[in-house]
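Heads up, my_file.txt below (compact mmCIF, C-alpha atoms):
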```txt
# COMPACT_ATOMS: atom_id res chain seq x y z
CA MET R 1 38.00 85.49 13.77
CA LYS R 2 34.40 85.00 14.85
CA SER R 3 34.38 81.52 13.30
CA LEU R 4 37.46 80.59 15.33
CA GLN R 5 35.81 81.87 18.51
CA LEU R 6 32.67 79.89 17.73
CA LEU R 7 34.74 76.77 17.05
CA PHE R 8 36.62 77.21 20.33
CA ILE R 9 33.41 77.75 22.33
CA THR R 10 31.84 74.66 20.69
CA PHE R 11 34.91 72.57 21.51
CA LEU R 12 34.93 73.83 25.09
CA PHE R 13 31.22 73.10 25.48
CA LEU R 14 31.65 69.55 24.15
CA ALA R 15 34.64 69.00 26.44
CA VAL R 16 32.65 70.11 29.51
CA VAL R 17 29.65 67.96 28.52
CA GLY R 18 31.89 64.97 27.84
CA ARG R 19 33.66 65.40 31.17
CA GLY R 20 30.28 65.60 32.90
CA VAL R 21 29.04 62.42 31.19
CA LEU R 22 32.19 60.53 32.19
CA SER R 23 31.82 61.84 35.73
CA PHE R 24 28.21 60.61 35.89
CA LEU R 25 28.82 57.21 34.26
CA TYR R 26 31.94 56.36 36.24
CA ALA R 27 31.17 58.02 39.58
CA PRO R 28 32.50 56.13 42.63
CA LYS R 29 29.99 53.51 43.79
CA LEU R 30 29.83 53.41 47.57
CA HIS R 31 27.55 51.19 49.64
CA GLU R 32 26.75 50.91 53.33
CA GLY R 33 29.52 49.17 55.25
CA GLN R 34 32.04 49.29 52.39
CA TYR R 35 35.66 49.55 53.58
CA VAL R 36 37.57 52.44 52.01
CA ARG R 37 41.15 53.62 52.33
CA PHE R 38 42.46 56.58 50.39
CA GLU R 39 45.00 59.40 50.51
CA THR R 40 44.08 63.05 50.10
CA VAL R 41 45.29 66.57 50.82
CA LEU R 42 43.33 68.53 53.42
CA LEU R 43 42.31 71.75 51.65
CA THR R 44 39.94 73.02 54.34
CA GLU R 45 40.58 73.83 57.97
CA PRO R 46 38.69 71.48 60.36
CA ALA R 47 35.60 73.14 61.82
CA SER R 48 35.45 72.99 65.60
CA HIS R 49 32.23 71.93 67.35
CA GLY R 50 33.29 71.73 70.98
CA ASN R 51 34.66 68.26 71.68
CA PHE R 52 34.84 67.20 68.04
CA ASP R 53 35.92 68.60 64.67
CA THR R 54 34.50 68.08 61.20
CA ILE R 55 36.00 68.14 57.71
CA THR R 56 34.75 67.40 54.21
CA VAL R 57 37.05 65.47 51.91
CA GLN R 58 36.66 64.16 48.36
CA TYR R 59 36.77 60.43 47.60
CA THR R 60 37.77 60.12 43.94
CA ASN R 61 38.39 57.42 41.35
CA GLY R 62 39.91 59.65 38.68
CA PHE R 63 36.63 60.34 36.88
CA SER R 64 34.49 61.82 39.63
CA THR R 65 34.37 62.47 43.35
CA VAL R 66 32.05 61.87 46.28
CA PRO R 67 32.13 64.27 49.25
CA LEU R 68 32.61 62.57 52.61
CA SER R 69 31.68 64.44 55.81
CA LEU R 70 33.92 63.26 58.64
CA ALA R 71 33.63 63.90 62.39
CA PHE R 72 36.37 63.06 64.89
CA PRO R 73 37.52 64.08 68.40
CA SER R 74 39.30 67.41 68.74
CA GLY R 75 43.04 67.60 69.24
CA ASN R 76 44.11 65.38 66.33
CA GLY R 77 46.53 67.98 65.04
CA LEU R 78 44.90 68.15 61.62
CA HIS R 79 45.27 71.36 59.66
CA TYR R 80 45.10 72.79 56.17
CA GLY R 81 47.65 71.49 53.67
CA GLN R 82 48.40 68.14 55.33
CA ASP R 83 48.65 64.90 53.36
CA ILE R 84 46.45 62.37 55.18
CA VAL R 85 45.33 58.75 54.79
CA ILE R 86 41.70 58.06 55.67
CA SER R 87 40.26 54.61 56.31
CA GLY R 88 37.00 53.22 57.67
CA ARG R 89 33.60 51.96 56.62
CA VAL R 90 31.08 53.93 54.59
CA LYS R 91 27.93 55.03 56.38
CA PHE R 92 24.95 56.95 55.02
CA LYS R 93 23.61 59.30 57.65
CA LYS R 94 20.25 61.05 57.58
CA LEU R 95 20.28 64.68 58.58
CA ASN R 96 17.88 65.60 61.36
CA ALA R 97 16.17 68.95 61.63
CA ALA R 98 18.86 70.37 63.89
CA SER R 99 21.72 69.55 61.56
CA SER R 100 19.80 70.91 58.58
CA GLN R 101 19.53 74.24 60.34
CA ASN R 102 23.31 74.54 60.29
CA ARG R 103 23.17 74.76 56.49
CA GLN R 104 26.41 72.82 56.13
CA VAL R 105 24.68 71.27 53.11
CA PRO R 106 21.71 72.44 51.03
CA ALA R 107 18.38 72.49 52.86
CA ASN R 108 16.88 69.81 50.58
CA THR R 109 19.70 67.32 51.27
CA LYS R 110 18.54 64.49 53.52
CA ILE R 111 21.48 62.09 53.48
CA ILE R 112 25.23 62.62 53.78
CA THR R 113 28.02 60.10 53.25
CA THR R 114 30.35 59.64 56.19
CA ILE R 115 32.77 57.03 57.59
CA SER R 116 32.39 54.98 60.76
CA SER R 117 35.35 53.38 62.59
CA LEU R 118 37.28 56.34 61.21
CA HIS R 119 41.07 56.33 61.25
CA ILE R 120 43.12 59.28 60.00
CA LYS R 121 46.87 59.05 59.57
CA ILE R 122 49.00 62.13 58.90
CA GLN R 123 51.77 61.78 56.29
CA PRO R 124 54.24 64.46 57.49
CA GLY R 125 56.92 63.74 54.90
CA LYS R 126 54.61 64.27 51.92
CA GLN R 127 53.35 67.77 52.63
CA ASN R 128 53.72 70.14 49.68
CA TRP R 129 56.08 73.00 50.53
CA LEU R 130 53.73 75.59 49.02
CA LEU R 131 50.81 74.34 51.12
CA GLY R 132 53.11 74.23 54.14
CA ALA R 133 54.17 77.83 53.56
CA SER R 134 50.56 78.95 53.08
CA PHE R 135 49.52 77.22 56.32
CA PHE R 136 52.40 78.88 58.20
CA LEU R 137 51.29 82.26 56.88
CA ARG R 138 47.66 81.58 57.84
CA GLN R 139 48.66 80.62 61.37
CA GLN R 140 50.90 83.65 61.86
CA ILE R 141 48.24 86.10 60.65
CA GLN R 142 45.52 84.42 62.71
CA SER R 143 47.71 84.53 65.83
CA LEU R 144 48.48 88.22 65.30
CA TYR R 145 44.80 89.10 64.86
CA THR R 146 43.85 87.12 67.96
CA ARG R 147 46.48 88.90 70.08
CA THR R 148 45.43 92.32 68.81
CA LEU R 149 41.62 92.19 68.57
CA SER R 150 38.69 90.67 70.41
CA GLN R 151 37.57 87.21 69.30
CA ARG R 152 34.58 88.66 67.44
CA TRP R 153 36.58 91.24 65.50
CA ALA R 154 39.61 88.97 64.96
CA ALA R 155 37.33 86.35 63.39
CA LEU R 156 35.66 89.04 61.26
CA LEU R 157 38.96 90.47 59.99
CA LEU R 158 40.31 86.98 59.28
CA GLY R 159 37.17 86.19 57.31
CA ILE R 160 37.37 89.42 55.30
CA VAL R 161 41.08 89.13 54.49
CA LEU R 162 41.43 85.37 53.94
CA GLY R 163 37.90 83.96 53.96
CA ILE R 164 38.75 81.74 56.94
CA LYS R 165 35.86 80.95 59.28
CA VAL R 166 37.41 79.86 62.56
CA GLN R 167 36.29 80.64 66.10
CA PHE R 168 33.38 82.64 64.74
CA PRO R 169 30.82 83.51 67.45
CA LYS R 170 27.52 81.85 66.53
CA ASP R 171 25.46 84.95 67.32
CA PHE R 172 27.60 87.08 65.01
CA LEU R 173 27.44 84.48 62.24
CA ASN R 174 23.63 84.46 62.56
CA GLU R 175 23.59 88.26 62.27
CA LEU R 176 25.68 88.10 59.10
CA GLN R 177 23.29 85.56 57.60
CA LYS R 178 20.19 87.58 58.57
CA THR R 179 21.55 90.72 56.95
CA GLY R 180 22.78 88.91 53.83
CA VAL R 181 26.43 89.93 54.20
CA VAL R 182 27.86 86.52 55.08
CA HIS R 183 29.71 86.68 51.74
CA VAL R 184 32.20 89.15 53.23
CA ILE R 185 33.76 86.35 55.31
CA ALA R 186 34.26 84.17 52.24
CA ALA R 187 37.14 85.08 49.94
CA GLU R 188 35.63 85.99 46.57
CA GLY R 189 36.03 88.13 43.51
CA LEU R 190 36.15 91.42 45.40
CA ASN R 191 39.10 90.15 47.46
CA VAL R 192 41.03 89.12 44.35
CA ILE R 193 40.37 92.46 42.63
CA ILE R 194 41.56 94.41 45.69
CA VAL R 195 44.67 92.26 46.13
CA SER R 196 45.58 92.34 42.42
CA GLN R 197 45.14 96.12 42.09
CA PHE R 198 47.10 96.77 45.28
CA LEU R 199 49.98 94.45 44.32
CA LEU R 200 50.08 95.61 40.70
CA GLY R 201 50.28 99.22 41.86
CA ILE R 202 53.20 98.41 44.19
CA PHE R 203 55.17 96.22 41.77
CA SER R 204 54.64 98.62 38.86
CA SER R 205 56.42 101.35 40.84
CA PHE R 206 59.80 99.58 40.58
CA LEU R 207 59.34 96.86 37.93
CA LYS R 208 58.54 96.91 34.24
CA ARG R 209 54.85 96.39 33.49
CA GLN R 210 55.32 92.86 32.18
CA TRP R 211 57.34 91.77 35.20
CA ALA R 212 54.89 93.48 37.57
CA VAL R 213 52.00 91.56 35.98
CA MET R 214 53.83 88.21 36.21
CA VAL R 215 54.83 88.74 39.86
CA THR R 216 51.24 89.77 40.66
CA LEU R 217 49.97 86.56 39.02
CA GLY R 218 52.31 84.51 41.21
CA CYS R 219 51.17 86.34 44.35
CA LEU R 220 47.50 85.82 43.43
CA PHE R 221 48.10 82.08 43.06
CA PHE R 222 49.72 81.98 46.50
CA TYR R 223 46.87 84.09 47.95
CA ALA R 224 44.39 81.51 46.63
CA LEU R 225 46.39 78.79 48.41
CA VAL R 226 46.39 80.73 51.67
CA CYS R 227 42.62 81.22 51.38
CA GLY R 228 42.14 77.47 51.01
CA LEU R 229 41.30 77.15 47.28
CA GLN R 230 37.60 77.86 47.83
CA PRO R 231 35.60 77.64 44.58
CA SER R 232 34.82 81.37 44.64
CA ILE R 233 38.49 82.33 45.07
CA VAL R 234 39.60 79.83 42.40
CA ARG R 235 37.07 81.22 39.93
CA ALA R 236 38.09 84.81 40.65
CA THR R 237 41.81 83.99 40.48
CA ILE R 238 41.43 82.28 37.09
CA MET R 239 39.42 85.24 35.75
CA MET R 240 41.96 87.75 37.02
CA GLY R 241 44.71 85.57 35.58
CA PHE R 242 43.06 85.85 32.14
CA ALA R 243 42.67 89.62 32.57
CA LEU R 244 46.32 90.15 33.54
CA SER R 245 47.54 87.76 30.84
CA ALA R 246 45.60 89.80 28.28
CA GLN R 247 47.65 92.83 29.35
CA LEU R 248 50.87 90.89 28.75
CA VAL R 249 49.96 90.10 25.14
CA GLY R 250 48.26 93.43 24.50
CA ARG R 251 44.77 92.05 23.94
CA GLN R 252 41.42 93.35 25.19
CA TYR R 253 39.93 91.29 28.02
CA ASN R 254 36.32 90.11 27.74
CA SER R 255 34.84 89.45 31.19
CA VAL R 256 32.16 87.11 29.82
CA TYR R 257 34.73 84.91 28.09
CA GLY R 258 36.89 85.03 31.21
CA LEU R 259 34.03 83.86 33.39
CA MET R 260 33.09 81.07 30.99
CA LEU R 261 36.68 79.88 30.68
CA ALA R 262 37.14 79.94 34.45
CA ALA R 263 33.95 77.96 35.00
CA ALA R 264 34.83 75.49 32.23
CA ALA R 265 38.33 74.95 33.63
CA MET R 266 36.96 74.25 37.11
CA VAL R 267 34.28 71.86 35.84
CA LEU R 268 36.78 70.05 33.61
CA TYR R 269 39.01 69.58 36.65
CA ASN R 270 36.18 68.51 38.94
CA PRO R 271 32.58 68.27 37.64
CA VAL R 272 31.28 68.16 41.22
CA TYR R 273 31.97 71.91 41.39
CA ILE R 274 28.63 72.41 39.60
CA PHE R 275 26.85 71.27 42.77
CA ASP R 276 29.06 73.31 45.11
CA VAL R 277 27.13 76.20 46.68
CA GLY R 278 30.21 78.44 46.70
CA PHE R 279 30.72 77.89 42.98
CA GLN R 280 27.04 78.56 42.22
CA LEU R 281 26.96 81.77 44.27
CA SER R 282 30.24 83.03 42.85
CA PHE R 283 29.30 82.27 39.24
CA GLY R 284 25.77 83.66 39.60
CA ALA R 285 26.87 86.85 41.35
CA THR R 286 29.51 87.54 38.69
CA MET R 287 26.98 86.99 35.90
CA GLY R 288 24.65 89.43 37.63
CA ILE R 289 27.34 92.09 37.92
CA ILE R 290 28.31 91.68 34.26
CA PHE R 291 24.83 91.64 32.71
CA PHE R 292 22.32 93.01 35.25
CA LYS R 293 24.26 95.80 36.95
CA PRO R 294 24.55 98.05 33.83
CA MET R 295 20.74 98.06 33.58
CA LEU R 296 20.22 99.59 37.03
CA PRO R 297 19.74 103.33 37.62
CA LYS R 298 22.16 105.48 39.60
CA TRP R 299 21.40 105.96 43.30
CA GLY R 300 23.80 108.74 44.28
CA ILE R 301 27.00 108.41 46.27
CA LEU R 302 26.38 104.74 47.12
CA SER R 303 25.29 103.86 43.60
CA GLU R 304 28.20 101.49 42.92
CA ASP R 305 27.74 99.45 46.11
CA ILE R 306 23.93 99.37 45.89
CA ASN R 307 23.89 98.30 42.25
CA THR R 308 26.57 95.66 42.82
CA THR R 309 24.58 94.22 45.73
CA ILE R 310 21.26 94.24 43.86
CA ALA R 311 22.76 92.65 40.74
CA ALA R 312 24.56 89.93 42.69
CA GLN R 313 21.60 89.06 44.91
CA VAL R 314 18.97 89.10 42.16
CA THR R 315 20.93 86.51 40.20
CA THR R 316 21.68 84.33 43.24
CA LEU R 317 18.33 84.54 45.06
CA PRO R 318 17.20 80.93 44.36
CA VAL R 319 20.59 79.59 45.51
CA LEU R 320 20.49 81.74 48.67
CA LEU R 321 17.00 80.55 49.57
CA GLY R 322 17.78 76.93 48.76
CA THR R 323 21.01 76.98 50.78
CA PHE R 324 20.25 79.15 53.79
CA GLY R 325 16.46 78.80 53.79
CA SER R 326 15.93 82.52 54.30
CA TYR R 327 16.68 85.91 52.78
CA GLY R 328 16.95 89.17 54.69
CA LEU R 329 14.98 91.96 53.05
CA VAL R 330 17.37 94.53 54.53
CA SER R 331 20.41 92.92 52.86
CA VAL R 332 20.70 95.48 50.05
CA VAL R 333 20.82 98.42 52.46
CA ALA R 334 23.12 96.54 54.87
CA ASN R 335 25.54 95.64 52.07
CA ALA R 336 25.56 99.18 50.70
CA ALA R 337 26.34 100.49 54.18
CA ILE R 338 29.36 98.26 54.83
CA LEU R 339 30.87 97.38 51.43
CA TRP R 340 33.00 100.54 51.35
CA THR R 341 34.87 99.31 54.45
CA ILE R 342 36.00 96.03 52.82
CA PRO R 343 38.90 97.44 50.69
CA ILE R 344 40.19 99.39 53.70
CA LEU R 345 40.03 96.38 56.00
CA MET R 346 41.55 94.15 53.31
CA ILE R 347 44.57 96.42 52.83
CA LEU R 348 45.14 97.37 56.48
CA GLY R 349 44.49 93.84 57.73
CA GLY R 350 46.49 92.13 54.99
CA VAL R 351 49.51 94.44 55.16
CA GLY R 352 49.36 94.43 58.96
CA GLY R 353 49.32 90.62 59.03
CA LEU R 354 52.28 90.32 56.66
CA VAL R 355 54.34 93.03 58.34
CA GLY R 356 53.51 91.57 61.77
CA ILE R 357 55.31 88.33 60.90
CA PHE R 358 58.64 90.21 60.87
CA PHE R 359 57.80 93.31 62.95
CA PRO R 360 55.01 92.38 65.42
CA SER R 361 54.64 95.86 66.94
CA LEU R 362 54.31 97.57 63.56
CA GLY R 363 51.89 94.88 62.40
CA GLN R 364 49.72 95.36 65.49
CA PHE R 365 49.73 99.12 64.93
CA LEU R 366 48.38 98.67 61.38
CA ILE R 367 45.74 96.25 62.66
CA PHE R 368 44.76 98.76 65.37
CA LEU R 369 43.92 101.16 62.53
CA CYS R 370 41.14 98.72 61.57
CA TYR R 371 39.31 99.44 64.87
CA PRO R 372 36.99 102.25 63.70
CA PHE R 373 36.01 100.35 60.54
CA LEU R 374 35.41 97.09 62.43
CA PHE R 375 33.37 99.02 65.00
CA PHE R 376 31.26 100.59 62.26
CA PHE R 377 30.82 97.23 60.49
CA ASP R 378 29.79 95.53 63.75
CA LYS R 379 27.25 98.19 64.70
CA VAL R 380 25.67 98.26 61.23
CA ILE R 381 25.23 94.48 61.20
CA THR R 382 23.82 94.43 64.74
CA PHE R 383 21.37 97.20 63.85
CA PHE R 384 20.03 95.61 60.65
CA ALA R 385 19.94 92.13 62.20
CA SER R 386 17.36 93.42 64.69
CA PHE R 387 14.80 93.82 61.89
CA PRO R 388 12.64 90.67 61.62
CA TRP R 389 12.14 91.10 57.88
CA GLN R 390 12.93 87.68 56.48
CA VAL R 391 11.68 85.60 53.55
CA SER R 392 11.87 81.93 54.56
CA LEU R 393 11.47 78.84 52.38
CA THR R 394 12.18 75.24 53.31
CA PHE R 395 12.47 74.10 49.68
CA VAL R 396 12.83 75.79 46.29
CA PRO R 397 11.44 73.62 43.45
CA VAL R 398 13.69 73.15 40.42
CA SER R 399 10.89 74.34 38.11
CA ILE R 400 10.67 77.65 39.99
CA THR R 401 14.44 78.10 39.80
CA ILE R 402 14.53 77.43 36.04
CA GLY R 403 11.58 79.74 35.42
CA TYR R 404 13.19 82.48 37.52
CA TYR R 405 16.44 82.40 35.54
CA LEU R 406 14.60 82.23 32.21
CA LEU R 407 12.71 85.36 33.26
CA LEU R 408 15.99 87.12 34.15
CA ILE R 409 17.51 86.18 30.80
CA SER R 410 14.40 87.49 29.02
CA VAL R 411 14.62 90.81 30.88
CA VAL R 412 18.33 91.23 30.05
CA LEU R 413 17.78 90.42 26.37
CA PHE R 414 14.77 92.76 26.19
CA VAL R 415 16.66 95.68 27.73
CA LYS R 416 19.71 95.11 25.50
CA GLU R 417 17.52 95.01 22.38
CA ARG R 418 15.72 98.17 23.48
CA LYS R 419 18.99 100.01 24.07
CA LYS R 420 20.27 98.85 20.70
CA LYS R 421 17.20 100.29 18.96
CA GLU R 422 17.49 103.56 20.88
CA THR R 423 21.16 103.85 19.87
CA GLU R 424 20.30 103.25 16.21
CA GLN R 425 17.49 105.83 16.37
CA ASN R 426 19.85 108.39 17.93
CA LYS R 427 22.40 107.79 15.18
CA PHE R 428 19.73 108.22 12.53
CA SER R 429 18.48 111.43 14.18
CA ASN R 430 22.00 112.86 14.34
CA ARG R 431 22.58 112.12 10.66
CA ALA R 432 19.25 113.76 9.77
```

Take the structure from the file and write it as structure tokens.
Amino acid sequence: MKSLQLLFITFLFLAVVGRGVLSFLYAPKLHEGQYVRFETVLLTEPASHGNFDTITVQYTNGFSTVPLSLAFPSGNGLHYGQDIVISGRVKFKKLNAASSQNRQVPANTKIITTISSLHIKIQPGKQNWLLGASFFLRQQIQSLYTRTLSQRWAALLLGIVLGIKVQFPKDFLNELQKTGVVHVIAAEGLNVIIVSQFLLGIFSSFLKRQWAVMVTLGCLFFYALVCGLQPSIVRATIMMGFALSAQLVGRQYNSVYGLMLAAAAMVLYNPVYIFDVGFQLSFGATMGIIFFKPMLPKWGILSEDINTTIAAQVTTLPVLLGTFGSYGLVSVVANAAILWTIPILMILGGVGGLVGIFFPSLGQFLIFLCYPFLFFFDKVITFFASFPWQVSLTFVPVSITIGYYLLLISVVLFVKERKKKETEQNKFSNRA
């Protein structure tokens, strides 16, 4: 059995490496002034910047992709799930200091690829019905939140439930970044776990276990579509899919194998995911929770939240510094203080949004129940954001990043070996 597992892992590794080599060798070659015309599906909601909107799309040739950052006047009617045709001339644009501060791209990126003389044509007849249904659901939930809550809290609840960052007040977004809890407005593993456990509990009450698992898998896939297929949500959905599938066949689920298979599947589909910040943070945080969290001591009633936060942030620190340029030293305490509210807000906000599509008054009532938790969340973030305790770096060298992760691996291996020896000694003592 172990030989088969080793053979499978070797094959998977070679497949990922081979896909990466092909992606590198046959990457799209773009040059200044080159005319391009291609069709794509818009999998992100355009970000509004006053009089203009921005989107990032992928220009692909079948082997690899190149991200293109596009800016265009507002009011074009573009939205998530549309099939669009993009044409124009390639332009390489240097980022100035102001744009780098926005952290739309990593801090060490100096040039982005964009298109001048941009023309975008919407293909209404080609829209996928699943993407159309997911966009309709997004719009209905967003509208209900906006009618029920203030802009600040509606944006926060929408970010927590679906990971959608629209109409987010800049001051509040800065506070989330300062306190290191910006991850709560990006759909991730915690969201998928909450949704899957909630749905599985409901479906298991009137369906056989196998059917409940299969229906839950379908709902998770649709939830990932509604969230916009962000790398973190895709990774978590694949992992949860493996975990639920293991229940169907009566096998034990290994979280490490699940994470590796999820990462391999994503990289095989699109090798550029390796360079995506969301993928790096999601993968690193999950590795930290799997390997580093069990090593941490108990801290009392908030032990679970504190240890989860420490484990996730220790293993993603270089990525956080390289992406956002700063790290809030109060983030562990801030996360521990607000993480317990996330499942409550997820369930109340999600159920309220769904119910509100058919029964608006009942949906608004459920969303009103989120008020005390949103109020608490808001006050905690505002309080911790007032502390000027920040570690700031403009650039994180690759050598430092590699050394940091090698040190973490050494610590994990050392602790595991030490625990193994202690276990063997205890067994020997018990026998004696």

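The space separating CA of Val355 in chain R from CA of Phe136 in chain R comes to 14.3 Å.
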
### For Gln210 in chain R, the nearest of the candidates R:Leu70, R:Val249, R:Val272, R:Val351, counting only C-alpha atoms
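Smallest distance to Gln210 in chain R is found for R:Val249.
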
### Task
Please provide the set of residues having any atom within 7 Å of Pro67 in chain R, restricted to all atoms listed in the file, with same-chain residues fewer than 4 positions apart removed, written as a list in words.
Thr56, Val57, Gln58 and Tyr59 of chain R

### Query
With only C-alpha atoms as the atoms that count, which of R:Gly180, R:Gly163, R:Gly403, R:Gly201 lies nearest to Gly350 in chain R?
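With only C-alpha atoms as the atom set, the closest residue is R:Gly163.
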
Closest pair table for range 183-266 of chain R residues within 8 Å of range 277-281 of chain R, all atoms listed in the file, as JSON lines:
```
{"residue": "R:Gln230", "atom": "CA", "partner": "R:Gly278", "partner_atom": "CA", "distance": 7.5}
{"residue": "R:Pro231", "atom": "CA", "partner": "R:Phe279", "partner_atom": "CA", "distance": 5.1}
{"residue": "R:Ser232", "atom": "CA", "partner": "R:Phe279", "partner_atom": "CA", "distance": 5.6}
{"residue": "R:Arg235", "atom": "CA", "partner": "R:Phe279", "partner_atom": "CA", "distance": 7.8}
```

### Query
Neighbours of Ser245 in chain R within 12 Å (only C-alpha atoms; same-chain residues fewer than 2 positions away dropped), as a PyMOL selection string?
chain R and resi 209-218+237-243+247-254+258

### Query
So what do you get for CA of Phe63 in chain R versus CA of Tyr26 in chain R, distance-wise?
6.2 Å

### Message
As an exercise, work out the distance from CA of His31 in chain R to CA of Asn51 in chain R in Å and give it to one decimal place.
### Response
28.8 Å

#### Entry: Distance query Leu137 in chain R at most 9 Å, only C-alpha atoms, self and fewer than 4 positions along chain excluded, as a VMD selection string
chain R and resid 132 to 133 141 to 142 226 353 to 354 357
